[in-house]
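Data block for upload_4.tsv (TSV, C-alpha atoms):
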```
chain	number	residue	atom	x	y	z
A	671	MET	CA	0.00	0.00	0.00
A	672	ALA	CA	1.36	3.43	-0.97
A	673	LEU	CA	1.56	5.72	2.05
A	674	ALA	CA	0.28	9.29	2.11
A	675	LEU	CA	3.68	10.87	1.41
A	676	SER	CA	5.17	8.04	-0.66
A	677	GLY	CA	7.34	9.55	-3.40
A	678	VAL	CA	8.09	12.73	-1.45
A	679	ARG	CA	11.84	13.04	-0.84
A	680	ALA	CA	13.33	15.48	1.65
A	681	LEU	CA	16.80	16.76	2.49
A	682	ASP	CA	16.72	17.65	6.19
A	683	LEU	CA	19.48	19.92	7.47
A	684	SER	CA	17.77	20.66	10.80
A	685	MET	CA	19.04	19.62	14.23
A	686	ASN	CA	17.88	19.10	17.80
A	687	LEU	CA	14.04	18.97	18.05
A	688	PRO	CA	11.77	21.21	15.90
A	689	GLY	CA	12.90	20.15	12.42
A	690	PRO	CA	13.69	16.52	13.28
A	691	TYR	CA	10.28	15.97	14.90
A	692	MET	CA	8.58	17.43	11.83
A	693	THR	CA	10.57	15.22	9.44
A	694	TRP	CA	10.02	12.16	11.65
A	695	LEU	CA	6.28	12.67	11.13
A	696	MET	CA	6.94	12.99	7.41
A	697	ALA	CA	8.86	9.71	7.45
A	698	LEU	CA	6.01	7.97	9.28
A	699	LEU	CA	3.73	9.09	6.44
A	700	GLY	CA	6.02	7.52	3.87
A	701	ALA	CA	8.38	10.33	2.84
A	702	GLU	CA	12.05	9.51	2.29
A	703	VAL	CA	14.01	11.76	4.66
A	704	VAL	CA	17.77	12.19	4.36
A	705	LYS	CA	19.47	13.97	7.26
A	706	VAL	CA	22.28	16.12	5.90
A	707	GLU	CA	24.83	16.45	8.71
A	708	ASN	CA	28.27	17.88	9.31
A	709	PRO	CA	30.81	15.01	9.08
A	710	GLU	CA	32.38	16.33	12.28
A	711	GLY	CA	29.83	15.36	14.91
A	712	GLY	CA	26.57	15.69	13.00
A	713	ASP	CA	23.32	16.74	14.68
A	714	TYR	CA	24.08	18.23	18.13
A	715	ALA	CA	21.38	16.01	19.62
A	716	ARG	CA	23.53	12.94	18.93
A	717	VAL	CA	25.41	13.74	22.15
A	718	LEU	CA	22.64	15.52	24.06
A	719	ALA	CA	22.97	15.04	27.84
A	720	GLY	CA	26.56	13.90	27.37
A	721	ARG	CA	25.68	10.52	25.86
A	722	LYS	CA	27.28	9.39	22.61
A	723	ASN	CA	24.21	7.41	21.54
A	724	SER	CA	21.64	9.84	22.86
A	725	PRO	CA	18.08	8.52	23.23
A	726	TYR	CA	16.88	12.06	22.53
A	727	PHE	CA	18.41	11.94	19.06
A	728	ASN	CA	17.31	8.38	18.40
A	729	ALA	CA	13.67	9.13	19.30
A	730	VAL	CA	13.05	11.75	16.60
A	731	ASN	CA	15.35	10.46	13.87
A	732	ARG	CA	13.95	7.00	13.28
A	733	ASN	CA	13.06	5.97	9.73
A	734	LYS	CA	15.61	8.39	8.24
A	735	LYS	CA	18.88	8.16	6.33
A	736	SER	CA	22.07	10.08	7.14
A	737	LEU	CA	24.28	11.85	4.62
A	738	ALA	CA	27.40	13.34	6.22
A	739	LEU	CA	28.33	16.23	3.90
A	740	ASN	CA	30.53	19.26	4.59
A	741	LEU	CA	28.50	22.15	3.16
A	742	LYS	CA	31.24	24.65	4.01
A	743	HIS	CA	33.49	23.05	1.41
A	744	PRO	CA	32.86	24.16	-2.21
A	745	LYS	CA	32.68	20.53	-3.35
A	746	GLY	CA	30.15	19.78	-0.60
A	747	ARG	CA	28.02	22.71	-1.70
A	748	ASP	CA	28.17	21.58	-5.33
A	749	ILE	CA	27.13	18.05	-4.35
A	750	PHE	CA	24.15	19.38	-2.41
A	751	LEU	CA	23.03	21.47	-5.39
A	752	LYS	CA	23.28	18.43	-7.68
A	753	LEU	CA	21.15	16.40	-5.28
A	754	LEU	CA	18.30	18.90	-5.58
A	755	ASP	CA	17.14	17.44	-8.88
A	756	HIS	CA	16.30	14.24	-7.01
A	757	TYR	CA	14.38	15.79	-4.08
A	758	ASP	CA	11.17	17.70	-3.38
A	759	VAL	CA	11.76	19.33	-0.01
A	760	VAL	CA	14.57	21.07	1.89
A	761	VAL	CA	14.19	21.61	5.64
A	762	GLU	CA	16.59	23.78	7.64
A	763	GLY	CA	16.67	25.31	11.09
A	764	PHE	CA	19.59	27.72	11.10
A	765	ARG	CA	19.50	31.42	11.90
A	766	PRO	CA	18.43	33.59	8.97
A	767	GLY	CA	21.29	34.16	6.55
A	768	THR	CA	23.25	31.01	7.37
A	769	MET	CA	22.11	29.03	4.34
A	770	GLU	CA	22.68	32.10	2.13
A	771	ARG	CA	26.29	32.22	3.33
A	772	PHE	CA	26.67	28.61	2.22
A	773	GLY	CA	25.26	29.62	-1.16
A	774	LEU	CA	22.27	27.36	-0.42
A	775	GLY	CA	19.51	29.82	0.40
A	776	TYR	CA	16.04	29.53	-1.07
A	777	HIS	CA	16.84	31.62	-4.14
A	778	ASP	CA	20.02	29.60	-4.80
A	779	VAL	CA	18.09	26.36	-4.50
A	780	CYS	CA	15.05	27.28	-6.58
A	781	LYS	CA	17.30	28.32	-9.46
A	782	VAL	CA	18.42	24.69	-9.62
A	783	ASN	CA	15.01	23.14	-8.97
A	784	PRO	CA	12.01	25.51	-8.98
A	785	ARG	CA	9.78	22.70	-7.66
A	786	ILE	CA	11.63	22.57	-4.35
A	787	ILE	CA	9.62	23.41	-1.24
A	788	TYR	CA	12.04	25.05	1.18
A	789	VAL	CA	11.00	24.95	4.83
A	790	SER	CA	12.85	27.20	7.26
A	791	ILE	CA	12.21	26.88	11.01
A	792	SER	CA	13.71	29.68	13.09
A	793	GLY	CA	13.10	31.36	16.41
A	794	TYR	CA	11.68	34.65	15.19
A	795	GLY	CA	11.25	34.31	11.42
A	796	GLN	CA	13.26	35.57	8.46
A	797	ASP	CA	12.59	39.27	9.09
A	798	GLY	CA	11.74	41.52	11.99
A	799	PRO	CA	13.75	42.97	14.87
A	800	TYR	CA	14.67	39.62	16.50
A	801	ARG	CA	15.53	37.66	13.35
A	802	MET	CA	19.19	37.19	14.39
A	803	ARG	CA	18.54	36.71	18.11
A	804	ALA	CA	19.39	33.34	19.69
A	805	GLY	CA	16.67	31.59	21.62
A	806	HIS	CA	15.12	28.39	22.87
A	807	ASP	CA	11.61	27.16	23.66
A	808	ILE	CA	11.53	28.95	27.04
A	809	ASN	CA	12.39	32.29	25.41
A	810	TYR	CA	9.77	32.05	22.67
A	811	LEU	CA	7.05	31.18	25.19
A	812	ALA	CA	8.19	33.98	27.48
A	813	LEU	CA	8.05	36.62	24.75
A	814	ALA	CA	4.75	35.29	23.39
A	815	GLY	CA	3.01	35.88	26.72
A	816	ILE	CA	2.39	32.16	27.22
A	817	LEU	CA	4.63	31.70	30.27
A	818	GLY	CA	3.20	34.86	31.82
A	819	MET	CA	-0.16	33.16	32.22
A	820	THR	CA	1.05	29.64	33.02
A	821	GLY	CA	1.38	28.52	36.61
A	822	SER	CA	-0.41	27.94	39.88
A	823	ARG	CA	-3.34	29.65	41.59
A	824	ASP	CA	-0.75	31.17	43.93
A	825	GLY	CA	0.66	33.10	40.97
A	826	ASP	CA	3.92	31.18	40.60
A	827	LEU	CA	4.99	30.72	36.99
A	828	ALA	CA	5.73	27.23	35.68
A	829	LEU	CA	7.39	25.55	32.72
A	830	SER	CA	5.68	22.86	30.70
A	831	GLY	CA	7.20	19.39	30.74
A	832	ILE	CA	7.41	19.43	26.93
A	833	GLN	CA	8.68	22.01	24.48
A	834	VAL	CA	5.47	23.72	23.35
A	835	ALA	CA	7.09	26.38	21.16
A	836	ASP	CA	9.47	23.95	19.48
A	837	LEU	CA	6.78	21.39	18.71
A	838	ALA	CA	3.40	23.14	18.41
A	839	GLY	CA	4.81	26.51	17.33
A	840	GLY	CA	7.57	25.08	15.15
A	841	SER	CA	7.32	21.44	14.04
A	842	LEU	CA	3.56	21.26	13.52
A	843	MET	CA	3.21	24.73	11.96
A	844	ALA	CA	6.05	23.88	9.56
A	845	LEU	CA	4.39	20.58	8.67
A	846	VAL	CA	1.08	22.31	7.94
A	847	GLY	CA	2.91	24.80	5.71
A	848	LEU	CA	4.74	22.03	3.91
A	849	LEU	CA	1.61	19.97	3.25
A	850	ALA	CA	-0.19	23.06	1.93
A	851	ALA	CA	2.77	23.85	-0.33
A	852	LEU	CA	2.85	20.28	-1.65
A	853	PHE	CA	-0.86	20.50	-2.44
A	854	GLN	CA	-0.43	23.86	-4.19
A	855	ARG	CA	2.51	22.52	-6.20
A	856	GLU	CA	0.21	19.87	-7.67
A	857	ARG	CA	-1.75	22.72	-9.27
A	858	THR	CA	1.04	25.17	-10.14
A	859	GLY	CA	4.09	22.97	-10.64
A	860	GLU	CA	6.11	25.40	-8.52
A	861	GLY	CA	7.66	25.13	-5.09
A	862	GLN	CA	7.83	27.91	-2.53
A	863	PHE	CA	9.45	29.15	0.68
A	864	VAL	CA	7.79	28.19	3.98
A	865	ASP	CA	8.89	30.59	6.73
A	866	THR	CA	8.11	29.12	10.17
A	867	SER	CA	8.76	31.13	13.31
A	868	MET	CA	8.53	29.33	16.66
A	869	PHE	CA	7.71	32.61	18.38
A	870	HIS	CA	4.90	33.54	16.01
A	871	GLY	CA	3.60	29.98	15.95
A	872	SER	CA	3.45	29.99	19.75
A	873	PHE	CA	1.75	33.38	19.84
A	874	SER	CA	-0.86	32.04	17.44
A	875	LEU	CA	-1.74	29.31	19.95
A	876	ALA	CA	-3.23	32.06	22.10
A	877	THR	CA	-5.75	33.03	19.39
A	878	MET	CA	-8.88	32.21	21.40
A	879	VAL	CA	-7.48	33.36	24.74
A	880	PHE	CA	-6.35	36.66	23.24
A	881	ALA	CA	-9.90	37.41	22.10
A	882	GLY	CA	-11.11	37.12	25.69
A	883	VAL	CA	-8.25	39.24	27.02
A	884	ASP	CA	-8.85	41.91	24.40
A	885	GLN	CA	-12.51	42.17	25.41
A	886	GLY	CA	-11.67	42.38	29.11
A	887	LEU	CA	-13.06	38.92	29.87
A	888	GLU	CA	-9.73	37.44	30.96
A	889	GLU	CA	-6.78	38.56	33.05
A	890	PRO	CA	-3.75	36.83	31.50
A	891	LEU	CA	-2.14	35.69	34.74
A	892	PRO	CA	-1.63	32.26	36.37
A	893	GLY	CA	-4.79	31.03	38.05
A	894	LYS	CA	-6.81	34.03	36.89
A	895	MET	CA	-8.31	32.70	33.66
A	896	LEU	CA	-11.21	30.52	32.63
A	897	LEU	CA	-9.00	27.59	31.68
A	898	ASN	CA	-6.01	27.92	33.99
A	899	GLY	CA	-7.51	27.61	37.47
A	900	ARG	CA	-9.54	30.72	38.22
A	901	PHE	CA	-12.78	28.79	38.69
A	902	PRO	CA	-13.45	25.71	40.83
A	903	CYS	CA	-14.85	23.69	37.91
A	904	TYR	CA	-11.55	23.65	36.02
A	905	GLY	CA	-8.34	22.97	37.88
A	906	LEU	CA	-5.93	20.63	39.59
A	907	TYR	CA	-6.56	19.32	43.10
A	908	ARG	CA	-4.19	17.54	45.48
A	909	THR	CA	-5.30	14.23	46.90
A	910	SER	CA	-4.61	12.77	50.36
A	911	ASP	CA	-1.51	10.90	49.12
A	912	GLY	CA	0.08	13.97	47.53
A	913	ALA	CA	-0.99	13.10	43.97
A	914	TYR	CA	-3.41	15.16	41.87
A	915	MET	CA	-6.75	14.90	40.10
A	916	SER	CA	-7.77	17.07	37.14
A	917	LEU	CA	-11.30	18.46	37.08
A	918	GLY	CA	-12.53	19.81	33.75
A	919	ALA	CA	-16.25	20.20	34.45
A	920	LEU	CA	-16.60	23.23	32.23
A	921	GLU	CA	-20.07	22.32	31.00
A	922	PHE	CA	-22.79	22.54	33.65
A	923	LYS	CA	-23.93	18.93	33.26
A	924	PHE	CA	-20.48	17.64	34.18
A	925	TRP	CA	-20.21	20.00	37.15
A	926	GLU	CA	-23.62	18.94	38.39
A	927	ASN	CA	-22.72	15.27	38.04
A	928	PHE	CA	-19.54	15.80	40.04
A	929	CYS	CA	-21.25	17.72	42.85
A	930	ARG	CA	-23.99	15.12	43.21
A	931	ALA	CA	-21.45	12.27	43.15
A	932	VAL	CA	-19.51	13.76	46.08
A	933	GLY	CA	-22.68	14.60	47.99
A	934	ARG	CA	-22.29	18.38	47.68
A	935	GLU	CA	-25.46	19.48	45.90
A	936	ASP	CA	-25.01	22.81	47.66
A	937	LEU	CA	-22.08	23.52	45.32
A	938	VAL	CA	-24.10	23.06	42.12
A	939	PRO	CA	-24.80	26.83	41.80
A	940	GLU	CA	-21.11	27.60	42.45
A	941	GLN	CA	-19.57	26.26	39.25
A	942	PHE	CA	-17.91	29.61	38.63
A	943	GLY	CA	-17.63	30.55	42.29
A	944	GLY	CA	-14.72	32.23	43.98
A	945	PRO	CA	-11.94	31.23	46.38
A	946	GLU	CA	-14.37	29.82	48.92
A	947	THR	CA	-15.65	27.23	46.46
A	948	VAL	CA	-12.11	26.42	45.34
A	949	ALA	CA	-11.18	25.85	48.99
A	950	ALA	CA	-14.20	23.57	49.40
A	951	LEU	CA	-13.08	21.45	46.46
A	952	GLN	CA	-9.54	21.32	47.77
A	953	GLU	CA	-10.91	19.91	51.00
A	954	ILE	CA	-13.07	17.39	49.14
A	955	PHE	CA	-10.21	16.07	47.01
A	956	ALA	CA	-7.87	15.94	50.00
A	957	SER	CA	-10.23	13.43	51.66
A	958	ARG	CA	-9.24	10.52	49.40
A	959	SER	CA	-6.17	9.12	47.70
A	960	ARG	CA	-5.79	9.31	43.94
A	961	ALA	CA	-6.50	5.58	43.61
A	962	ASP	CA	-9.67	5.98	45.66
A	963	TRP	CA	-10.83	8.84	43.47
A	964	ILE	CA	-10.19	6.80	40.31
A	965	GLU	CA	-12.37	4.00	41.66
A	966	PHE	CA	-15.02	6.33	43.06
A	967	LEU	CA	-15.45	8.32	39.85
A	968	LYS	CA	-14.99	5.54	37.29
A	969	ASP	CA	-18.68	5.59	36.33
A	970	VAL	CA	-19.32	9.31	36.90
A	971	ASP	CA	-19.55	11.45	33.76
A	972	ALA	CA	-17.79	14.50	35.16
A	973	CYS	CA	-14.53	15.08	33.22
A	974	CYS	CA	-12.44	14.20	36.25
A	975	GLU	CA	-9.25	12.22	35.65
A	976	PRO	CA	-6.03	11.41	37.53
A	977	VAL	CA	-2.84	13.29	36.81
A	978	LEU	CA	-0.44	10.57	35.67
A	979	THR	CA	3.31	10.54	35.44
A	980	LEU	CA	4.77	10.01	31.96
A	981	ASP	CA	5.69	6.43	32.88
A	982	GLU	CA	2.16	5.78	34.15
A	983	ALA	CA	0.72	7.17	30.92
A	984	ALA	CA	3.04	4.95	28.86
A	985	GLU	CA	1.74	1.87	30.69
A	986	SER	CA	-1.91	2.91	30.61
A	987	GLU	CA	-4.68	1.14	28.74
A	988	LEU	CA	-5.25	4.29	26.68
A	989	VAL	CA	-1.78	4.06	25.18
A	990	ALA	CA	-1.79	0.28	24.93
A	991	ALA	CA	-5.06	0.37	22.97
A	992	VAL	CA	-3.37	2.01	19.99
A	993	GLY	CA	0.14	0.60	20.47
A	994	MET	CA	1.87	3.93	20.86
A	995	VAL	CA	4.75	2.57	22.95
A	996	HIS	CA	7.24	0.42	21.08
A	997	ARG	CA	9.56	-1.79	23.09
A	998	ARG	CA	13.00	-2.33	21.60
A	999	ALA	CA	16.28	-3.79	22.78
A	1000	ASP	CA	17.58	-0.32	23.63
A	1001	GLY	CA	14.44	0.84	25.46
A	1002	ARG	CA	10.95	2.15	24.85
A	1003	VAL	CA	10.04	4.77	22.24
A	1004	LEU	CA	6.79	6.43	21.30
A	1005	GLY	CA	5.11	5.43	18.06
A	1006	SER	CA	3.12	7.40	15.54
A	1007	PRO	CA	0.28	9.65	16.75
A	1008	LEU	CA	-1.11	9.67	13.19
A	1009	ARG	CA	-3.82	7.17	12.31
A	1010	LEU	CA	-4.84	7.23	8.66
A	1011	SER	CA	-7.04	4.39	7.44
A	1012	LYS	CA	-5.26	4.11	4.08
A	1013	SER	CA	-1.77	5.14	5.17
A	1014	PRO	CA	-0.67	3.02	8.14
A	1015	ALA	CA	2.45	4.22	9.93
A	1016	LEU	CA	5.72	2.58	8.98
A	1017	GLU	CA	7.37	0.13	11.31
A	1018	ASP	CA	10.32	1.64	13.15
A	1019	THR	CA	13.80	1.53	11.75
A	1020	PRO	CA	16.54	2.78	14.10
A	1021	ALA	CA	17.99	6.26	13.81
A	1022	PRO	CA	20.96	6.20	11.43
A	1023	ALA	CA	24.61	6.35	12.36
A	1024	LEU	CA	26.39	9.49	11.17
A	1025	GLY	CA	26.98	9.12	7.44
A	1026	GLU	CA	25.47	5.63	7.36
A	1027	HIS	CA	23.84	6.26	3.98
A	1028	SER	CA	26.29	8.74	2.45
A	1029	ARG	CA	27.44	6.44	-0.31
A	1030	GLU	CA	23.94	5.19	-1.07
A	1031	VAL	CA	22.56	8.73	-1.38
A	1032	LEU	CA	25.47	10.00	-3.49
A	1033	SER	CA	25.30	7.04	-5.85
A	1034	GLN	CA	22.33	8.86	-7.42
A	1035	LEU	CA	24.83	11.33	-8.85
A	1036	GLY	CA	26.78	8.60	-10.63
A	1037	LEU	CA	29.76	8.87	-8.28
A	1038	LYS	CA	31.96	5.80	-8.27
A	1039	THR	CA	33.69	4.12	-5.36
A	1040	ASP	CA	36.98	5.86	-6.09
A	1041	ASP	CA	35.21	9.25	-6.21
A	1042	LEU	CA	33.53	8.61	-2.87
A	1043	ASP	CA	36.77	7.42	-1.31
A	1044	GLU	CA	38.47	10.65	-2.38
A	1045	LEU	CA	35.63	12.76	-0.97
A	1046	ALA	CA	35.96	10.89	2.32
A	1047	ARG	CA	39.75	11.41	2.31
A	1048	GLN	CA	39.19	15.16	1.91
A	1049	GLY	CA	36.69	15.21	4.80
A	1050	ILE	CA	33.82	16.25	2.55
A	1051	ILE	CA	31.81	13.14	3.41
A	1052	CYS	CA	32.11	10.35	5.91
```
I need this file expressed as structure tokens, please.
Amino acid sequence: MALALSGVRALDLSMNLPGPYMTWLMALLGAEVVKVENPEGGDYARVLAGRKNSPYFNAVNRNKKSLALNLKHPKGRDIFLKLLDHYDVVVEGFRPGTMERFGLGYHDVCKVNPRIIYVSISGYGQDGPYRMRAGHDINYLALAGILGMTGSRDGDLALSGIQVADLAGGSLMALVGLLAALFQRERTGEGQFVDTSMFHGSFSLATMVFAGVDQGLEEPLPGKMLLNGRFPCYGLYRTSDGAYMSLGALEFKFWENFCRAVGREDLVPEQFGGPETVAALQEIFASRSRADWIEFLKDVDACCEPVLTLDEAAESELVAAVGMVHRRADGRVLGSPLRLSKSPALEDTPAPALGEHSREVLSQLGLKTDDLDELARQGIIC
């Protein structure tokens, strides 16, 4: 069965998380993804956390090939340009101007192959006052106003356990742009430049919240908003064993069901009550352990669920039902979140060693063994 992106071929120059997660999803959908890496070390994530065979790298680079190619060398640049005739997509995650200095910017590339779709993922986009500023997920979320309204009812700010800006603001926005560009190319025959900014993508995630803030309906602070803990019907509550339950009884019917289940019909009118009602719920949840609450509420339709650790989630029946955790000799990894009826996700192949497929990829250009040996001797490939 042909997969959704079968026939799409991508050269991926990105590193760390945003680009590699995006191209991992592409690979799961059937695209051929070739990581283009510096022969001296490759993707920085290969040694993330001081480990030579980093699980962080391996997780988001499965189902890919690795071409180790020195783009700073004129011969390496020429080889990359020759490869373009065989590929549809270029993905890069450098600061603006870096690829242009290599002579491999969008305009350089589209002169060789005008059908190329060129995806750039950067912190702040290709233009604007911060285009050259360094940053990471925490910085993009801070400047986008997201961190300023994320935290506890006590007002303390908090970081998310995952990289929201990198993934939702970067990887997924870039993938949407790419898929749209592929669709448009079917009609026009032309590629285009896809400019993805992790800051702007993150800011966009606040689209609905911003409307409420703009109209004076929300105060964008921790614990002061409709969906971050201001009201008793929607928040986190500590249990007697120090764990937590999540209550999301935003619709009245769920709130009413919860109040009746815990024998507090007097709280039914207080769905959007103030601190006194919040304190009452804190006392209610503190009366039982998390396990007791799970058992007590298992048949109550109230949008009340336990807060699990990541390990607990990985072992849960929810995850097992769709086989999202894959067990391998070197540990567990997460499988595809995408479920298409006519494009089943590929089975895992391990992340490639640095330069593992260099010779295979370059054979497309008609290079012979002696040619490849000489390129390796010069440090242009490995």
Extract, using all atoms listed in the file, all DNA, RNA and protein residues at most 7 Å from Met868 in chain A, discarding same-chain residues fewer than 6 positions from it, and format them as a PyMOL selection string.
chain A and resi 792-794+810+835-836+839-840
Residue nearest Ile1050 in chain A - candidates A:Pro688, A:Ala949, A:Lys745, A:Leu681, atoms counted: only C-alpha atoms
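For Ile1050 in chain A, the nearest of the candidates is A:Lys745.
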From the options A:Ile786, A:Ala850, A:Phe869, A:Arg1029, which residue's atoms come nearest to Val834 in chain A, counting all atoms listed in the file?
A:Phe869
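Coordinates place CA of Leu1004 in chain A at a distance of 11.4 Å from CA of Ala983 in chain A.
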From the set A:Ser916, A:Asp971, A:Cys903, A:Trp694, which residue has the shortest atom-to-atom contact distance to Pro939 in chain A, counting all atoms listed in the file?
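Under the stated criterion, the closest residue is A:Cys903.
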Using all atoms listed in the file, which protein or nucleic acid residues come within 10 Å of Ile954 in chain A? Drop anything in the same chain fewer than 6 positions from it, and give the result as JSON, numbers by chain.
{"A": [907, 908, 909, 910, 932, 934, 948]}
Considering all atoms listed in the file, can you say which of A:Leu920, A:Gly1001, A:Arg900, A:Ser986 comes closest to Pro945 in chain A?
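Ranked by minimum distance to Pro945 in chain A, first place goes to A:Arg900.
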Selected residue, from A:Leu683, A:Val704, A:Val717, A:Thr877, that lies nearest to Leu741 in chain A when counting only C-alpha atoms:
A:Leu683
For CA of Leu675 in chain A and CA of Glu762 in chain A, quote the distance in Å rounded to one decimal.
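That distance, rounded to one decimal, is 19.3 Å.
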Contacts of Val703 in chain A at 9 Å (all atoms listed in the file; same-chain gap of 4+ positions) as a VMD selection string:
chain A and resid 678 to 682 693 to 694 696 to 697 733 to 736
So that I can see what lies close to Asp824 in chain A, please list as a list in words the residues with an atom at most 12 Å from it, counting all atoms listed in the file and leaving out residues fewer than 5 positions away in the same chain.
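Counting only the stated atoms, we get Met819, Leu891, Pro892, Gly893, Lys894, Asn898, Gly899, Arg900 and Pro945 of chain A.
Distance annotation: of A:Cys929, A:Leu978, A:Ala729, A:Leu845, the residue with the minimal separation from Ile787 in chain A is A:Leu845; atom set is only C-alpha atoms.
Rounded to one decimal, CA of Glu926 in chain A and CA of Ala881 in chain A lie 28.2 Å from each other.
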Counting all atoms listed in the file, which residues have an atom no more than 10 Å from (26.4, 29.1, 2.8) in the file's coordinates? Please list them as a list of chain:residue names.
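Answer for this query, in the requested form: A:Leu741, A:Lys742, A:His743, A:Pro744, A:Arg747, A:Gly767, A:Thr768, A:Met769, A:Glu770, A:Arg771, A:Phe772, A:Gly773, A:Leu774, A:Gly775, A:Asp778.
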Which residues are near Met802 in chain A? Cut-off 9 Å, all atoms listed in the file, ignore same chain within fewer than 3 positions. Put them as an MDAnalysis selection string.
chainID A and resid 765:767 793:799
